[in-house]
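Heads up, the thing below is written out as structure tokens.
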Amino acid sequence: MKSLIAGNWKMNGLGASAAEIEALIAQFDGSAPDDRDILICPPATLVNRFASAYSDEGFLIGGQDCHAKSAGAHTGDISAAMLADAGAAYVIVGHSERRADHGESDADVRAKAEAAFGAGLTPIICVGEMEADRTAGRALDIVGAQLDGSLPETAEDFVIAYEPVWAIGTGLTPTIADIDEMHDFIRGRTRADIRILYGGSVKPGNAKEILAVNNVNGALVGGASLKAADFYPIIMAAPGA
Ligand code: 13P
């Protein structure tokens, strides 16, 4: 299975941030390696610009969220069809920041994932427990319930990202044994051909160890994806196909 290294830029990035992708391309000596998939999910304002400029250089471009409906009176929202039209190939759905800031439920996430697949995008469905759940020994139960509620019933192709909420932006990560246990658990709940990413404080210093874990098929990287100097070693830490 090809590794997928995805950068979630969150609400960061202006047109000038293209310089970081140019810097990545320079590191790759012209174009991205094809033995791993490299995905950049910039803010929606940059999806079309990046897709037009960098799809031919071997970069996949994705959105960070989409609406469950294809069009309509939903001021400020973006549909999966619009992202696909702008050149996106993937879209993140159910990120914990969306679940927390916008009250998105598992049912909302499932509807978005199905809309994404219907529009020709591959959804990346995020799950992950809170710190209190991990401490109380409930992490597998919580993630299991999120999978039951959020995974699409119709989509054939999707990606799951396990992102423990307490590891996002904190510099903390689960132990390798805990990542191994969770990814094995998620694999058992899905299929052999679904990529399962780990996300939460992935850095150049820990990427190799995390990406070597069984059933870790890539990473969803936040802060360290914003700078080519950090993202490049993470991309190269993934096992090549
Ligand atoms: P950090 O890599 O900044 O911890 O963020 C992870 C994340 O939320 C990616 O979606």
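Lettering and numbering for the structure tokens are positional, with chains as A, B, ... in the shown order, residues counted from 1 in each chain, and ligands counted from 1 in the shown order.
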
Taking only C-alpha atoms and all ligand atoms into account, list the residues no farther than 8 Å from ligand 1, as a PDB file with all heavy atoms, in the first residue's frame.
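Everything below was put into pocket.pdb:
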```
ATOM      1  N   GLY A   7      -0.605  17.075   4.504  1.00  0.00           N
ATOM      2  CA  GLY A   7      -0.411  18.278   5.305  1.00  0.00           C
ATOM      3  C   GLY A   7      -1.727  19.019   5.440  1.00  0.00           C
ATOM      4  O   GLY A   7      -2.359  19.347   4.429  1.00  0.00           O
ATOM      5  N   ASN A   8      -2.167  19.215   6.673  1.00  0.00           N
ATOM      6  CA  ASN A   8      -3.376  19.999   6.938  1.00  0.00           C
ATOM      7  C   ASN A   8      -2.917  21.385   7.385  1.00  0.00           C
ATOM      8  O   ASN A   8      -2.431  21.543   8.504  1.00  0.00           O
ATOM      9  CB  ASN A   8      -4.199  19.303   8.033  1.00  0.00           C
ATOM     10  CG  ASN A   8      -5.388  20.138   8.470  1.00  0.00           C
ATOM     11  OD1 ASN A   8      -5.719  21.149   7.854  1.00  0.00           O
ATOM     12  ND2 ASN A   8      -6.029  19.717   9.551  1.00  0.00           N
ATOM     13  N   TRP A   9      -3.076  22.343   6.503  1.00  0.00           N
ATOM     14  CA  TRP A   9      -2.587  23.703   6.815  1.00  0.00           C
ATOM     15  C   TRP A   9      -3.522  24.445   7.758  1.00  0.00           C
ATOM     16  O   TRP A   9      -3.198  25.520   8.221  1.00  0.00           O
ATOM     17  CB  TRP A   9      -2.390  24.489   5.513  1.00  0.00           C
ATOM     18  CG  TRP A   9      -1.127  24.144   4.775  1.00  0.00           C
ATOM     19  CD1 TRP A   9      -0.380  23.003   4.900  1.00  0.00           C
ATOM     20  CD2 TRP A   9      -0.445  24.955   3.800  1.00  0.00           C
ATOM     21  NE1 TRP A   9       0.715  23.046   4.067  1.00  0.00           N
ATOM     22  CE2 TRP A   9       0.694  24.239   3.372  1.00  0.00           C
ATOM     23  CE3 TRP A   9      -0.699  26.194   3.232  1.00  0.00           C
ATOM     24  CZ2 TRP A   9       1.589  24.734   2.421  1.00  0.00           C
ATOM     25  CZ3 TRP A   9       0.189  26.695   2.274  1.00  0.00           C
ATOM     26  CH2 TRP A   9       1.321  25.971   1.884  1.00  0.00           C
ATOM     27  N   LYS A  10      -4.713  23.895   8.000  1.00  0.00           N
ATOM     28  CA  LYS A  10      -5.702  24.563   8.861  1.00  0.00           C
ATOM     29  C   LYS A  10      -5.909  25.999   8.378  1.00  0.00           C
ATOM     30  O   LYS A  10      -5.853  26.240   7.178  1.00  0.00           O
ATOM     31  CB  LYS A  10      -5.269  24.461  10.330  1.00  0.00           C
ATOM     32  CG  LYS A  10      -4.905  23.008  10.718  1.00  0.00           C
ATOM     33  CD  LYS A  10      -4.733  22.786  12.179  1.00  0.00           C
ATOM     34  CE  LYS A  10      -4.426  21.309  12.447  1.00  0.00           C
ATOM     35  NZ  LYS A  10      -4.356  20.967  13.857  1.00  0.00           N
ATOM     36  N   HIS A  95     -12.585  16.531  11.216  1.00  0.00           N
ATOM     37  CA  HIS A  95     -11.425  16.881  12.053  1.00  0.00           C
ATOM     38  C   HIS A  95     -11.920  17.307  13.434  1.00  0.00           C
ATOM     39  O   HIS A  95     -12.986  17.907  13.553  1.00  0.00           O
ATOM     40  CB  HIS A  95     -10.627  18.018  11.395  1.00  0.00           C
ATOM     41  CG  HIS A  95      -9.301  18.235  12.071  1.00  0.00           C
ATOM     42  ND1 HIS A  95      -9.180  18.923  13.255  1.00  0.00           N
ATOM     43  CD2 HIS A  95      -8.053  17.831  11.738  1.00  0.00           C
ATOM     44  CE1 HIS A  95      -7.908  18.926  13.621  1.00  0.00           C
ATOM     45  NE2 HIS A  95      -7.200  18.272  12.723  1.00  0.00           N
ATOM     46  N   SER A  96     -11.165  17.014  14.481  1.00  0.00           N
ATOM     47  CA  SER A  96     -11.637  17.319  15.850  1.00  0.00           C
ATOM     48  C   SER A  96     -11.883  18.810  16.036  1.00  0.00           C
ATOM     49  O   SER A  96     -12.731  19.201  16.848  1.00  0.00           O
ATOM     50  CB  SER A  96     -10.639  16.810  16.887  1.00  0.00           C
ATOM     51  OG  SER A  96      -9.394  17.435  16.732  1.00  0.00           O
ATOM     52  N   GLU A  97     -11.170  19.647  15.263  1.00  0.00           N
ATOM     53  CA  GLU A  97     -11.425  21.095  15.381  1.00  0.00           C
ATOM     54  C   GLU A  97     -12.789  21.444  14.780  1.00  0.00           C
ATOM     55  O   GLU A  97     -13.459  22.361  15.250  1.00  0.00           O
ATOM     56  CB  GLU A  97     -10.277  21.875  14.719  1.00  0.00           C
ATOM     57  CG  GLU A  97      -9.011  21.800  15.578  1.00  0.00           C
ATOM     58  CD  GLU A  97      -7.706  21.896  14.821  1.00  0.00           C
ATOM     59  OE1 GLU A  97      -7.696  22.347  13.659  1.00  0.00           O
ATOM     60  OE2 GLU A  97      -6.667  21.507  15.403  1.00  0.00           O
ATOM     61  N   GLU A 163      -6.465  10.668  15.056  1.00  0.00           N
ATOM     62  CA  GLU A 163      -5.816  11.840  15.635  1.00  0.00           C
ATOM     63  C   GLU A 163      -6.287  12.010  17.087  1.00  0.00           C
ATOM     64  O   GLU A 163      -7.358  12.602  17.321  1.00  0.00           O
ATOM     65  CB  GLU A 163      -6.174  13.106  14.850  1.00  0.00           C
ATOM     66  CG  GLU A 163      -5.709  13.098  13.414  1.00  0.00           C
ATOM     67  CD  GLU A 163      -5.509  14.520  12.881  1.00  0.00           C
ATOM     68  OE1 GLU A 163      -6.444  15.329  12.958  1.00  0.00           O
ATOM     69  OE2 GLU A 163      -4.402  14.808  12.413  1.00  0.00           O
ATOM     70  N   VAL A 165      -7.070  13.721  20.225  1.00  0.00           N
ATOM     71  CA  VAL A 165      -7.263  15.173  20.347  1.00  0.00           C
ATOM     72  C   VAL A 165      -6.174  15.799  21.205  1.00  0.00           C
ATOM     73  O   VAL A 165      -5.673  16.885  20.906  1.00  0.00           O
ATOM     74  CB  VAL A 165      -8.677  15.464  20.919  1.00  0.00           C
ATOM     75  CG1 VAL A 165      -8.896  16.957  21.079  1.00  0.00           C
ATOM     76  CG2 VAL A 165      -9.745  14.870  20.009  1.00  0.00           C
ATOM     77  N   ALA A 167      -3.168  15.047  21.420  1.00  0.00           N
ATOM     78  CA  ALA A 167      -1.846  15.050  20.772  1.00  0.00           C
ATOM     79  C   ALA A 167      -1.739  16.142  19.701  1.00  0.00           C
ATOM     80  O   ALA A 167      -0.658  16.388  19.175  1.00  0.00           O
ATOM     81  CB  ALA A 167      -1.573  13.683  20.144  1.00  0.00           C
ATOM     82  N   ILE A 168      -2.858  16.800  19.398  1.00  0.00           N
ATOM     83  CA  ILE A 168      -2.863  17.780  18.303  1.00  0.00           C
ATOM     84  C   ILE A 168      -2.288  19.110  18.793  1.00  0.00           C
ATOM     85  O   ILE A 168      -2.816  19.722  19.727  1.00  0.00           O
ATOM     86  CB  ILE A 168      -4.296  17.970  17.750  1.00  0.00           C
ATOM     87  CG1 ILE A 168      -4.767  16.674  17.090  1.00  0.00           C
ATOM     88  CG2 ILE A 168      -4.341  19.137  16.779  1.00  0.00           C
ATOM     89  CD1 ILE A 168      -6.197  16.713  16.585  1.00  0.00           C
ATOM     90  N   GLY A 169      -1.190  19.508  18.181  1.00  0.00           N
ATOM     91  CA  GLY A 169      -0.594  20.815  18.490  1.00  0.00           C
ATOM     92  C   GLY A 169       0.036  20.906  19.864  1.00  0.00           C
ATOM     93  O   GLY A 169       0.344  22.001  20.331  1.00  0.00           O
ATOM     94  N   THR A 170       0.224  19.777  20.537  1.00  0.00           N
ATOM     95  CA  THR A 170       0.728  19.810  21.917  1.00  0.00           C
ATOM     96  C   THR A 170       2.166  19.322  22.042  1.00  0.00           C
ATOM     97  O   THR A 170       2.789  19.515  23.086  1.00  0.00           O
ATOM     98  CB  THR A 170      -0.134  18.905  22.823  1.00  0.00           C
ATOM     99  OG1 THR A 170      -0.087  17.568  22.278  1.00  0.00           O
ATOM    100  CG2 THR A 170      -1.569  19.376  22.886  1.00  0.00           C
ATOM    101  N   GLY A 171       2.678  18.677  21.015  1.00  0.00           N
ATOM    102  CA  GLY A 171       3.996  18.051  21.128  1.00  0.00           C
ATOM    103  C   GLY A 171       3.936  16.692  21.814  1.00  0.00           C
ATOM    104  O   GLY A 171       4.950  16.016  21.946  1.00  0.00           O
ATOM    105  N   GLY A 199      -2.216  11.044  13.082  1.00  0.00           N
ATOM    106  CA  GLY A 199      -2.009  12.494  13.162  1.00  0.00           C
ATOM    107  C   GLY A 199      -1.965  12.957  14.604  1.00  0.00           C
ATOM    108  O   GLY A 199      -2.646  12.391  15.476  1.00  0.00           O
ATOM    109  N   GLY A 200      -1.171  13.985  14.852  1.00  0.00           N
ATOM    110  CA  GLY A 200      -1.023  14.552  16.201  1.00  0.00           C
ATOM    111  C   GLY A 200       0.438  14.681  16.545  1.00  0.00           C
ATOM    112  O   GLY A 200       1.076  13.702  16.905  1.00  0.00           O
ATOM    113  N   SER A 201       0.971  15.910  16.366  1.00  0.00           N
ATOM    114  CA  SER A 201       2.364  16.213  16.714  1.00  0.00           C
ATOM    115  C   SER A 201       3.374  15.324  15.984  1.00  0.00           C
ATOM    116  O   SER A 201       4.398  14.931  16.568  1.00  0.00           O
ATOM    117  CB  SER A 201       2.587  16.155  18.229  1.00  0.00           C
ATOM    118  OG  SER A 201       1.836  17.174  18.861  1.00  0.00           O
ATOM    119  N   VAL A 202       3.078  15.007  14.710  1.00  0.00           N
ATOM    120  CA  VAL A 202       4.094  14.319  13.889  1.00  0.00           C
ATOM    121  C   VAL A 202       5.155  15.359  13.511  1.00  0.00           C
ATOM    122  O   VAL A 202       4.825  16.451  13.026  1.00  0.00           O
ATOM    123  CB  VAL A 202       3.474  13.700  12.622  1.00  0.00           C
ATOM    124  CG1 VAL A 202       4.570  13.085  11.747  1.00  0.00           C
ATOM    125  CG2 VAL A 202       2.444  12.642  13.002  1.00  0.00           C
ATOM    126  N   LYS A 203       6.401  15.040  13.773  1.00  0.00           N
ATOM    127  CA  LYS A 203       7.527  15.958  13.558  1.00  0.00           C
ATOM    128  C   LYS A 203       8.647  15.196  12.839  1.00  0.00           C
ATOM    129  O   LYS A 203       8.640  13.965  12.823  1.00  0.00           O
ATOM    130  CB  LYS A 203       8.072  16.461  14.910  1.00  0.00           C
ATOM    131  CG  LYS A 203       7.025  17.086  15.828  1.00  0.00           C
ATOM    132  CD  LYS A 203       6.574  18.451  15.350  1.00  0.00           C
ATOM    133  CE  LYS A 203       5.505  19.027  16.269  1.00  0.00           C
ATOM    134  NZ  LYS A 203       4.647  20.000  15.600  1.00  0.00           N
ATOM    135  N   LEU A 220      -1.142  12.467   8.982  1.00  0.00           N
ATOM    136  CA  LEU A 220      -1.848  13.734   8.760  1.00  0.00           C
ATOM    137  C   LEU A 220      -1.138  14.748   9.654  1.00  0.00           C
ATOM    138  O   LEU A 220      -1.177  14.638  10.883  1.00  0.00           O
ATOM    139  CB  LEU A 220      -3.333  13.589   9.114  1.00  0.00           C
ATOM    140  CG  LEU A 220      -4.229  14.811   8.885  1.00  0.00           C
ATOM    141  CD1 LEU A 220      -4.125  15.335   7.452  1.00  0.00           C
ATOM    142  CD2 LEU A 220      -5.688  14.480   9.198  1.00  0.00           C
ATOM    143  N   VAL A 221      -0.480  15.686   9.013  1.00  0.00           N
ATOM    144  CA  VAL A 221       0.476  16.563   9.705  1.00  0.00           C
ATOM    145  C   VAL A 221      -0.070  17.979   9.725  1.00  0.00           C
ATOM    146  O   VAL A 221      -0.448  18.516   8.674  1.00  0.00           O
ATOM    147  CB  VAL A 221       1.833  16.539   8.960  1.00  0.00           C
ATOM    148  CG1 VAL A 221       2.879  17.317   9.746  1.00  0.00           C
ATOM    149  CG2 VAL A 221       2.292  15.104   8.708  1.00  0.00           C
ATOM    150  N   GLY A 222      -0.108  18.598  10.891  1.00  0.00           N
ATOM    151  CA  GLY A 222      -0.556  19.980  10.996  1.00  0.00           C
ATOM    152  C   GLY A 222       0.624  20.942  10.931  1.00  0.00           C
ATOM    153  O   GLY A 222       1.169  21.202   9.851  1.00  0.00           O
ATOM    154  N   GLY A 223       1.035  21.443  12.072  1.00  0.00           N
ATOM    155  CA  GLY A 223       2.053  22.499  12.137  1.00  0.00           C
ATOM    156  C   GLY A 223       3.302  22.220  11.313  1.00  0.00           C
ATOM    157  O   GLY A 223       3.816  23.121  10.625  1.00  0.00           O
ATOM    158  N   ALA A 224       3.784  20.980  11.355  1.00  0.00           N
ATOM    159  CA  ALA A 224       5.045  20.675  10.657  1.00  0.00           C
ATOM    160  C   ALA A 224       4.870  20.586   9.140  1.00  0.00           C
ATOM    161  O   ALA A 224       5.855  20.434   8.421  1.00  0.00           O
ATOM    162  CB  ALA A 224       5.643  19.376  11.194  1.00  0.00           C
ATOM    163  N   SER A 225       3.622  20.708   8.643  1.00  0.00           N
ATOM    164  CA  SER A 225       3.448  20.688   7.179  1.00  0.00           C
ATOM    165  C   SER A 225       3.556  22.089   6.580  1.00  0.00           C
ATOM    166  O   SER A 225       3.561  22.254   5.360  1.00  0.00           O
ATOM    167  CB  SER A 225       2.089  20.075   6.803  1.00  0.00           C
ATOM    168  OG  SER A 225       1.015  20.941   7.141  1.00  0.00           O
TER     169      SER A 225
END
```

Could you pull out the strand (DSSP E or B) residues of stretch 152-183 of chain A, going by DSSP on the backbone, and write them as a count of residues only? 4

As JSON, numbers by chain, please: the residues near stretch 25-29 of chain A (cut-off 9 Å, only C-alpha atoms, same-chain neighbours under 3 positions excluded). {"A": [20, 21, 22, 32, 33, 57, 228, 232]}

Kindly export the residues of the current selection with N, CA and C atoms, as a short mmCIF file (atom, residue, chain, number, x, y, z; two decimals), in the first residue's frame.
```cif
data_model
loop_
_atom_site.label_atom_id
_atom_site.label_comp_id
_atom_site.auth_asym_id
_atom_site.auth_seq_id
_atom_site.Cartn_x
_atom_site.Cartn_y
_atom_site.Cartn_z
N GLU A 20 6.60 27.75 0.03
CA GLU A 20 6.96 26.53 0.77
C GLU A 20 6.83 25.30 -0.13
N ILE A 21 5.85 25.31 -1.03
CA ILE A 21 5.72 24.18 -1.96
C ILE A 21 6.86 24.24 -2.99
N GLU A 22 7.18 25.44 -3.41
CA GLU A 22 8.32 25.59 -4.34
C GLU A 22 9.60 25.06 -3.66
N ALA A 32 7.82 15.58 -7.18
CA ALA A 32 7.68 14.73 -6.00
C ALA A 32 7.88 13.26 -6.35
N PRO A 33 8.42 12.45 -5.42
CA PRO A 33 8.60 11.02 -5.69
C PRO A 33 7.26 10.32 -5.85
N GLU A 57 3.24 18.50 -10.71
CA GLU A 57 4.54 18.27 -10.04
C GLU A 57 4.45 17.08 -9.10
N ALA A 228 8.54 23.74 4.52
CA ALA A 228 9.17 22.69 3.71
C ALA A 228 10.30 22.01 4.48
N TYR A 232 9.45 18.09 4.46
CA TYR A 232 10.26 17.23 3.59
C TYR A 232 10.78 15.98 4.33
#
```

Run DSSP on the backbone and tell me which residues of stretch 15-97 of chain A come out as helix (DSSP H, G or I); list them as a ChimeraX atom specification. /A:15-27,44-57,80-86,96-97

Would you tabulate, counting only C-alpha atoms, all residues of stretch 40-143 of chain A that have an atom at most 9 Å from an atom of stretch 177-191 of chain A, showing the closest pair of atoms and their distance in Å to one decimal, sorted by chain then ascending number, as a Markdown table?
```
| residue | atom | partner | partner_atom | distance |
| --- | --- | --- | --- | --- |
| A:Ala139 | CA | A:Met182 | CA | 8.3 |
| A:Leu140 | CA | A:Met182 | CA | 6.8 |
| A:Val143 | CA | A:Ile186 | CA | 8.2 |
```

For those residues, write C-alpha atoms to a file as a PDB file, in the first residue's frame.
```
ATOM      1  CA  ALA A 139      -9.825   5.243  23.929  1.00  0.00           C
ATOM      2  CA  LEU A 140     -10.760   2.142  21.916  1.00  0.00           C
ATOM      3  CA  VAL A 143     -12.875   5.565  18.573  1.00  0.00           C
TER       4      VAL A 143
END
```

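Checking A:Ala100, A:Ala71, A:Ile61, A:Ile210 one by one against A:Ala84, counting only C-alpha atoms, you find the shortest gap at A:Ile61.
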
12 Å contact set for A:Ile40, only C-alpha atoms, chain neighbours under 3 positions out, as a PyMOL selection string: chain A and resi 4-10+13+17-18+20-21+24+37+43-44+46-48+50-51+54-55+58-64+87-92+219-222+224-228+231+235

Distance criterion (only C-alpha atoms): nearest to A:Lys2 out of A:Ile38, A:Ile124, A:Ala161, A:Val213: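 Of A:Ile38, A:Ile124, A:Ala161, A:Val213, the one nearest A:Lys2 is A:Ile38, counting only C-alpha atoms.
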
Distance table requested - stretch 123-156 of chain A against stretch 106-110 of chain A, cut-off 10 Å, only C-alpha atoms: one row per qualifying residue with the closest atom pair and its distance in Å to one decimal, ordered by chain and rising residue number, as a tab-separated table.
```
residue	atom	partner	partner_atom	distance
A:Pro123	CA	A:Arg110	CA	9.9
A:Ile125	CA	A:Val109	CA	7.6
A:Cys126	CA	A:Val109	CA	8.8
A:Val127	CA	A:Asp106	CA	9.4
A:Ala145	CA	A:Asp106	CA	8.9
A:Gln146	CA	A:Asp106	CA	6.3
A:Leu147	CA	A:Asp106	CA	8.2
A:Asp148	CA	A:Asp106	CA	8.5
A:Gly149	CA	A:Asp106	CA	5.0
A:Ser150	CA	A:Arg110	CA	4.3
A:Leu151	CA	A:Arg110	CA	5.5
A:Pro152	CA	A:Arg110	CA	5.1
A:Glu153	CA	A:Arg110	CA	8.0
A:Thr154	CA	A:Arg110	CA	9.7
A:Ala155	CA	A:Arg110	CA	9.8
```

With a distance cut-off of 8 Å and only C-alpha atoms, select the neighbouring residues of A:Phe117, excluding the residue or stretch itself and same-chain residues fewer than 4 positions from it, and output the selection as a list in words. Ala113, Leu121, Thr122, Pro123, Ala155, Glu156, Asp157 and Phe158 of chain A

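Atom pair atom CA of A:His74 / atom CA of A:Arg98 has a distance of 16.5 Å (rounded to one decimal).
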